[in-house]
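The structure file model30.txt is reproduced below (compact mmCIF, C-alpha atoms).
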```txt
# COMPACT_ATOMS: atom_id res chain seq x y z
CA MET V 22 -52.74 -27.49 48.79
CA ASP V 23 -55.02 -30.06 47.29
CA ALA V 24 -57.99 -31.66 48.90
CA LEU V 25 -56.17 -34.91 49.64
CA SER V 26 -53.38 -33.36 51.65
CA ALA V 27 -55.94 -31.17 53.39
CA LEU V 28 -57.84 -34.26 54.45
CA LYS V 29 -54.64 -35.89 55.64
CA MET V 30 -53.79 -32.87 57.77
CA VAL V 31 -57.18 -32.91 59.43
CA THR V 32 -57.33 -36.63 60.04
CA THR V 33 -53.77 -37.20 61.22
CA PRO V 34 -53.07 -35.96 64.73
CA PRO V 35 -50.61 -33.08 65.13
CA ALA V 36 -47.07 -33.92 66.20
CA GLY V 37 -47.09 -34.64 69.90
CA GLY V 38 -50.80 -33.92 70.14
CA LEU V 39 -52.81 -37.11 70.32
CA SER V 40 -51.23 -40.16 71.88
CA ALA V 41 -52.66 -43.63 71.51
CA ASN V 42 -53.81 -43.39 75.09
CA SER V 43 -55.86 -40.26 74.53
CA MET V 44 -57.37 -41.74 71.40
CA GLN V 45 -58.64 -44.62 73.56
CA ASP V 46 -60.01 -42.07 76.02
CA LEU V 47 -61.85 -40.38 73.18
CA ALA V 48 -63.34 -43.62 71.94
CA ALA V 49 -64.37 -44.66 75.45
CA SER V 50 -66.05 -41.35 76.17
CA ALA V 51 -67.86 -41.40 72.86
CA THR V 52 -69.45 -44.75 73.71
CA LYS V 53 -70.42 -43.58 77.17
CA SER V 54 -72.13 -40.47 75.81
CA ILE V 55 -72.31 -37.30 77.85
CA PRO V 56 -75.60 -36.67 79.70
CA THR V 57 -77.48 -33.89 77.96
CA ALA V 58 -78.73 -32.29 81.16
CA GLU V 59 -75.19 -31.53 82.22
CA LEU V 60 -74.38 -30.13 78.80
CA GLN V 61 -77.35 -27.80 79.00
CA GLN V 62 -76.20 -26.66 82.42
CA LEU V 63 -72.79 -25.96 80.97
CA SER V 64 -74.18 -23.91 78.11
CA SER V 65 -76.39 -21.88 80.47
CA ILE V 66 -73.31 -21.09 82.57
CA ASN V 67 -71.53 -20.00 79.44
CA SER V 68 -74.31 -17.68 78.32
CA ASP V 69 -74.39 -16.00 81.72
CA SER V 70 -70.69 -15.37 81.88
CA PRO V 71 -69.53 -11.83 81.08
CA LEU V 72 -66.79 -13.22 78.82
CA GLN V 73 -69.34 -14.50 76.34
CA THR V 74 -71.27 -11.26 76.00
CA SER V 75 -68.19 -9.11 75.62
CA GLY V 76 -66.73 -11.34 72.92
CA ALA V 77 -67.50 -11.30 69.23
CA VAL V 78 -69.77 -14.31 69.58
CA SER V 79 -72.63 -13.37 71.90
CA ALA V 80 -75.17 -15.94 72.94
CA GLY V 81 -77.96 -13.36 72.71
CA SER V 82 -77.49 -12.68 69.00
CA GLY V 83 -78.17 -16.31 68.16
CA ALA V 84 -74.71 -16.88 66.68
CA SER V 85 -73.57 -19.99 68.49
CA PHE V 86 -70.03 -21.19 68.64
CA GLU V 87 -71.06 -24.10 66.47
CA ASN V 88 -72.32 -21.74 63.77
CA MET V 89 -69.11 -19.76 63.95
CA LEU V 90 -67.04 -22.90 63.57
CA GLY V 91 -69.14 -24.03 60.63
CA GLY V 92 -68.71 -20.62 59.06
CA LEU V 93 -64.96 -20.85 59.52
CA VAL V 94 -64.82 -24.24 57.82
CA ASN V 95 -67.00 -22.93 54.98
CA ASP V 96 -64.79 -19.89 54.55
CA VAL V 97 -61.70 -22.06 54.39
CA ALA V 98 -63.35 -24.33 51.83
CA GLN V 99 -64.32 -21.27 49.79
CA LYS V 100 -60.76 -19.92 49.91
CA GLN V 101 -59.43 -23.29 48.77
CA ALA V 102 -61.93 -23.34 45.92
CA SER V 103 -61.00 -19.81 44.79
CA ALA V 104 -57.30 -20.70 44.96
CA GLY V 105 -58.03 -23.76 42.83
CA SER V 106 -59.93 -21.74 40.25
CA ALA V 107 -57.16 -19.11 40.16
CA VAL V 108 -54.56 -21.79 39.43
CA THR V 109 -56.81 -23.39 36.83
CA GLY V 110 -57.35 -19.99 35.24
CA LEU V 111 -53.61 -19.34 35.17
CA LEU V 112 -52.80 -22.73 33.66
CA SER V 113 -55.53 -22.53 31.04
CA GLY V 114 -54.33 -19.14 29.83
CA GLN V 115 -57.09 -16.98 31.18
CA ASN V 116 -56.46 -13.45 32.39
CA VAL V 117 -55.06 -14.48 35.78
CA SER V 118 -51.59 -13.31 36.71
CA LEU V 119 -49.06 -15.45 38.50
CA HIS V 120 -49.04 -13.38 41.67
CA GLN V 121 -52.83 -13.46 41.91
CA ALA V 122 -52.77 -17.23 41.88
CA MET V 123 -49.94 -17.36 44.41
CA ILE V 124 -51.63 -14.84 46.72
CA SER V 125 -54.93 -16.71 46.69
CA MET V 126 -53.10 -19.97 47.42
CA GLU V 127 -51.30 -18.25 50.28
CA GLU V 128 -54.61 -16.92 51.64
CA ALA V 129 -56.07 -20.41 51.49
CA ASN V 130 -53.00 -21.83 53.22
CA VAL V 131 -53.04 -19.30 56.06
CA SER V 132 -56.77 -19.66 56.70
CA PHE V 133 -56.40 -23.42 56.64
CA GLN V 134 -53.62 -23.22 59.22
CA MET V 135 -55.91 -21.02 61.28
CA MET V 136 -58.64 -23.66 61.11
CA VAL V 137 -56.20 -26.39 62.12
CA GLU V 138 -55.06 -24.30 65.09
CA VAL V 139 -58.66 -23.77 66.21
CA ARG V 140 -59.25 -27.50 65.95
CA ASN V 141 -56.08 -28.24 67.94
CA ARG V 142 -57.12 -25.83 70.70
CA LEU V 143 -60.59 -27.38 70.84
CA LEU V 144 -59.20 -30.89 71.07
CA ASP V 145 -56.73 -29.82 73.75
CA SER V 146 -59.42 -28.27 75.90
CA TYR V 147 -61.66 -31.30 75.42
CA GLN V 148 -58.87 -33.64 76.52
CA GLU V 149 -58.12 -31.40 79.49
CA LEU V 150 -61.74 -31.71 80.53
CA MET V 151 -61.69 -35.47 80.08
CA ARG V 152 -58.59 -35.83 82.25
CA MET V 153 -60.18 -33.81 85.06
CA GLN V 154 -60.47 -35.63 88.39
CA ILE V 155 -63.97 -35.65 89.82
CA MET Q 239 -65.43 -14.00 55.01
CA ILE Q 240 -62.34 -14.19 57.15
CA ASN Q 241 -59.40 -12.24 55.88
CA LEU Q 242 -56.19 -13.12 57.67
CA LEU Q 243 -53.90 -11.34 55.23
CA THR Q 244 -55.26 -7.83 55.49
CA GLY Q 245 -53.93 -5.19 53.16
CA ILE Q 246 -53.14 -7.81 50.58
CA ASP Q 247 -55.70 -6.28 48.18
CA SER Q 248 -53.69 -3.09 47.78
CA THR Q 249 -50.53 -5.10 47.25
CA SER Q 250 -52.18 -7.35 44.71
CA SER Q 251 -53.46 -4.40 42.71
CA ALA Q 252 -50.01 -2.78 42.83
CA LEU Q 253 -48.49 -6.00 41.50
CA ASP Q 254 -51.02 -5.98 38.67
CA ALA Q 255 -50.22 -2.36 37.86
CA GLU Q 256 -46.47 -3.03 37.83
CA ARG Q 257 -47.05 -6.01 35.57
CA ILE Q 258 -48.88 -3.80 33.05
CA ARG Q 259 -46.16 -1.14 33.33
CA MET Q 260 -43.59 -3.82 32.50
CA ASP Q 261 -45.69 -4.89 29.49
CA VAL Q 262 -45.77 -1.32 28.22
CA ILE Q 263 -41.99 -0.99 28.65
CA ALA Q 264 -41.56 -4.25 26.74
CA GLU Q 265 -43.71 -2.80 23.96
CA ASN Q 266 -41.56 0.35 23.87
CA ILE Q 267 -38.32 -1.63 23.64
CA ALA Q 268 -39.72 -3.94 20.99
CA ASN Q 269 -40.85 -1.00 18.86
CA ALA Q 270 -37.73 1.11 19.33
CA ASN Q 271 -36.86 0.92 15.62
CA VAL Q 272 -40.34 0.93 14.07
CA THR Q 273 -40.71 3.80 11.61
CA LYS Q 274 -44.23 2.92 10.53
CA ASP Q 275 -46.76 2.48 13.33
CA VAL Q 276 -50.37 1.46 12.65
CA ASP Q 277 -51.15 5.12 11.81
CA GLY Q 278 -48.22 5.34 9.35
CA LYS Q 279 -46.13 7.62 11.57
CA PRO Q 280 -43.11 6.48 13.57
CA TYR Q 281 -43.95 4.63 16.77
CA GLN Q 282 -44.47 6.91 19.76
CA ARG Q 283 -43.25 5.99 23.23
CA GLN Q 284 -46.02 4.98 25.61
CA GLU Q 285 -46.12 5.44 29.34
CA VAL Q 286 -48.53 4.35 32.04
CA VAL Q 287 -50.27 6.63 34.49
CA PHE Q 288 -51.17 5.11 37.85
CA GLU Q 289 -54.11 6.18 39.94
CA SER Q 290 -55.43 5.02 43.28
CA VAL Q 291 -58.95 3.75 43.80
CA LEU Q 292 -60.86 3.41 47.01
CA ARG Q 293 -61.75 -0.23 47.52
CA ALA Q 294 -65.51 -0.74 47.50
CA GLN Q 295 -66.80 -0.99 51.04
CA GLN Q 296 -69.04 -3.99 50.55
CA ASP Q 297 -68.27 -5.06 54.06
CA ALA Q 298 -67.82 -2.19 56.49
CA ASP Q 299 -66.70 -4.62 59.21
CA SER Q 300 -63.86 -6.08 57.22
CA PRO Q 301 -60.48 -4.81 58.44
CA ASP Q 302 -59.31 -3.52 55.08
CA ALA Q 303 -62.53 -1.86 53.96
CA GLY Q 304 -61.79 1.47 52.36
CA SER Q 305 -58.18 0.66 51.60
CA GLN Q 306 -56.73 2.28 48.53
CA THR Q 307 -55.77 0.12 45.60
CA VAL Q 308 -53.74 1.01 42.53
CA GLN Q 309 -54.88 0.81 38.94
CA ILE Q 310 -53.72 2.01 35.57
CA ALA Q 311 -55.59 5.23 34.77
CA ARG Q 312 -54.46 5.30 31.14
CA VAL Q 313 -51.61 4.48 28.83
CA GLN Q 314 -50.62 7.75 27.21
CA ARG Q 315 -48.31 8.58 24.33
CA ASP Q 316 -45.13 10.54 24.90
CA SER Q 317 -45.45 13.81 22.95
CA ARG Q 318 -41.71 14.30 22.45
CA PRO Q 319 -40.75 14.77 18.77
CA PRO Q 320 -39.36 11.79 16.85
CA ARG Q 321 -35.63 11.25 16.70
CA MET Q 322 -34.28 12.33 13.25
CA VAL Q 323 -31.57 10.07 11.86
CA TYR Q 324 -29.68 10.55 8.60
CA ASN Q 325 -30.12 7.39 6.55
CA PRO Q 326 -30.87 8.12 2.87
CA SER Q 327 -31.14 4.45 1.92
CA HIS Q 328 -34.05 3.88 4.31
CA PRO Q 329 -37.41 3.49 2.48
CA ASP Q 330 -39.05 5.94 4.91
CA ALA Q 331 -36.38 8.64 4.45
CA ASN Q 332 -37.55 12.12 3.42
CA LYS Q 333 -36.02 14.27 0.65
CA GLN Q 334 -33.16 15.40 2.89
CA GLY Q 335 -32.36 11.74 3.69
CA MET Q 336 -33.62 12.02 7.27
CA VAL Q 337 -35.65 9.21 8.83
CA ALA Q 338 -38.07 9.88 11.70
CA MET Q 339 -37.27 7.22 14.31
CA PRO Q 340 -39.41 6.59 17.43
CA ASN Q 341 -38.80 8.94 20.35
CA ILE Q 342 -37.52 6.04 22.43
CA ASN Q 343 -34.32 6.15 24.39
CA ILE Q 344 -33.40 2.57 25.20
CA HIS Q 345 -31.45 3.60 28.30
CA GLU Q 346 -34.48 5.39 29.65
CA GLU Q 347 -36.54 2.26 29.12
CA MET Q 348 -33.98 0.12 30.93
CA VAL Q 349 -34.06 2.50 33.91
CA ASP Q 350 -37.86 2.36 33.91
CA MET Q 351 -37.68 -1.41 33.81
CA ILE Q 352 -35.38 -1.50 36.82
CA ALA Q 353 -37.72 0.82 38.72
CA SER Q 354 -40.69 -1.32 37.79
CA SER Q 355 -39.12 -4.62 38.79
CA ARG Q 356 -37.82 -3.17 42.07
CA SER Q 357 -41.25 -1.92 43.00
CA TYR Q 358 -42.71 -5.31 42.05
CA GLU Q 359 -40.20 -6.89 44.40
CA ALA Q 360 -41.11 -4.43 47.14
CA ASN Q 361 -44.75 -5.43 46.87
CA LEU Q 362 -43.80 -9.10 46.93
CA ALA Q 363 -41.85 -8.44 50.11
CA VAL Q 364 -45.05 -7.02 51.61
CA VAL Q 365 -46.90 -10.22 50.71
CA LYS Q 366 -44.17 -12.37 52.26
CA ASN Q 367 -44.14 -10.26 55.41
CA ALA Q 368 -47.92 -10.37 55.77
CA ARG Q 369 -47.76 -14.13 55.49
CA ALA Q 370 -44.91 -14.40 57.99
CA MET Q 371 -46.81 -12.19 60.42
CA ALA Q 372 -49.93 -14.33 60.16
CA MET Q 373 -47.94 -17.52 60.59
CA SER Q 374 -46.09 -16.27 63.64
CA ALA Q 375 -49.36 -15.08 65.15
CA LEU Q 376 -50.78 -18.56 64.61
CA SER Q 377 -47.82 -20.06 66.44
CA ILE Q 378 -48.69 -18.18 69.67
CA GLY Q 379 -50.58 -21.09 71.16
CA ARG Q 380 -48.33 -23.83 69.88
CA HIS Q 381 -46.73 -25.79 72.71
CA SER Q 382 -43.73 -27.30 70.98
```
Whole structure, structure tokens version:
Amino acid sequence: MDALSALKMVTTPPAGGLSANSMQDLAASATKSIPTAELQQLSSINSDSPLQTSGAVSAGSGASFENMLGGLVNDVAQKQASAGSAVTGLLSGQNVSLHQAMISMEEANVSFQMMVEVRNRLLDSYQELMRMQI
Amino acid sequence: MINLLTGIDSTSSALDAERIRMDVIAENIANANVTKDVDGKPYQRQEVVFESVLRAQQDADSPDAGSQTVQIARVQRDSRPPRMVYNPSHPDANKQGMVAMPNINIHEEMVDMIASSRSYEANLAVVKNARAMAMSALSIGRHS
């Protein structure tokens, strides 16, 4: 998968995911901007909840969800880069075997799909929150 | 580093090893009629010896740390005596008219080749399955 198609997959909404309506919602909420006090309240609730501390990402260790997400994206980018170099190595006659190139491409593909799924889940939960009646 | 296809390291190394085994078989078949090797004697059949290596545990948390991978320990020569063929007109024939041909049985090589390609296919099936498993796990949360 090349960088262009990767970009397309990220920027285009998944099938049946984002409707035009929800895109308008997103734009409207972005202009309104969420009050930071409420956000801080939310994050303090999160850090107190037992779910957070039992999970892999604990608030106490300083590894925030944001960091984890950034790490995931970096990992995926790294996998894509190594797949690219494997294919380049294969095509330029270096000591890279066909299956090595294919396996590293497959690894990059699967981890990219994983990233896309995480992004879909995040967007879904965000939209669910936005639709909530207050 | 995330690793969604665990166990793929062992499979990859096995594929590499099978590839080398196939190369050695190709060498044997190609040299089946060579009476003068680089050392002047008839070519001797070569065979690979596999060995397993413990994958370096750089990352004790990673799910496949400590998995065993395959590598070629050595390529050794078959010590069976050369095949003697009566052919007095051959330039390498001895006084009795016998020529020392390589100790290669082409049928044996073909059987080895089948074994090698089948085990390559088996490892490829592992790769495909690992991928299919990851993909179906990713589809858990998909609505459609």
Kindly assemble as JSON lines a list of the chain Q residues that lie within 8 Å of chain V, each paired with its nearest atom pair and their distance in Å to one decimal, using only C-alpha atoms, sorted first by chain and then by ascending residue number.
```
{"residue": "Q:Met239", "atom": "CA", "partner": "V:Asp96", "partner_atom": "CA", "distance": 5.9}
{"residue": "Q:Ile240", "atom": "CA", "partner": "V:Asp96", "partner_atom": "CA", "distance": 6.7}
{"residue": "Q:Asn241", "atom": "CA", "partner": "V:Ser132", "partner_atom": "CA", "distance": 7.9}
{"residue": "Q:Leu242", "atom": "CA", "partner": "V:Ser132", "partner_atom": "CA", "distance": 6.6}
{"residue": "Q:Leu243", "atom": "CA", "partner": "V:Glu128", "partner_atom": "CA", "distance": 6.7}
{"residue": "Q:Ser250", "atom": "CA", "partner": "V:Gln121", "partner_atom": "CA", "distance": 6.8}
{"residue": "Q:Leu253", "atom": "CA", "partner": "V:His120", "partner_atom": "CA", "distance": 7.4}
{"residue": "Q:Asp254", "atom": "CA", "partner": "V:Ser118", "partner_atom": "CA", "distance": 7.6}
{"residue": "Q:Val365", "atom": "CA", "partner": "V:Ile124", "partner_atom": "CA", "distance": 7.7}
{"residue": "Q:Arg369", "atom": "CA", "partner": "V:Val131", "partner_atom": "CA", "distance": 7.4}
{"residue": "Q:Ala372", "atom": "CA", "partner": "V:Val131", "partner_atom": "CA", "distance": 7.2}
{"residue": "Q:Met373", "atom": "CA", "partner": "V:Val131", "partner_atom": "CA", "distance": 7.0}
{"residue": "Q:Leu376", "atom": "CA", "partner": "V:Met135", "partner_atom": "CA", "distance": 6.6}
```
Report task. Measure the distance from CA of Ala368 (chain Q) to CA of Met136 (chain V) in Å and round it to one decimal. Result ->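 CA of Met136 (chain V) lies at a distance of 17.9 Å from CA of Ala368 (chain Q).
The interatomic distance for the pair CA of Asn116 (chain V) and CA of Arg312 (chain Q) works out to 18.9 Å.
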Query - Interatomic distance (Å, one decimal) between CA of Glu347 (chain Q) and CA of His328 (chain Q) - result: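 It comes out at 25.0 Å.
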Query raised in the report: Residues at most 12 Å from region 332-340 of chain Q, counting all atoms listed in the file, excluding those fewer than 6 positions away in the same chain, as a list of chain:residue names?
Result: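 Contacts, with the query itself left out: Q:Asn266, Q:Ile267, Q:Ala268, Q:Asn269, Q:Ala270, Q:Asn271, Q:Val272, Q:Thr273, Q:Lys274, Q:Asp275, Q:Gly278, Q:Lys279, Q:Pro280, Q:Tyr281, Q:Gln282, Q:Arg283, Q:Gln284, Q:Arg315, Q:Asp316, Q:Ser317, Q:Arg318, Q:Pro319, Q:Pro320, Q:Arg321, Q:Met322, Q:Val323, Q:Tyr324, Q:Asn325, Q:Pro326.
Once only C-alpha atoms are considered, the residues situated within 10 Å of the file point (-57.5, -23.8, 42.5) turn out to be V:Met22, V:Asp23, V:Lys100, V:Gln101, V:Ala102, V:Ser103, V:Ala104, V:Gly105, V:Ser106, V:Ala107, V:Val108, V:Thr109, V:Gly110, V:Leu111, V:Ala122, V:Ser125, V:Met126, V:Ala129.
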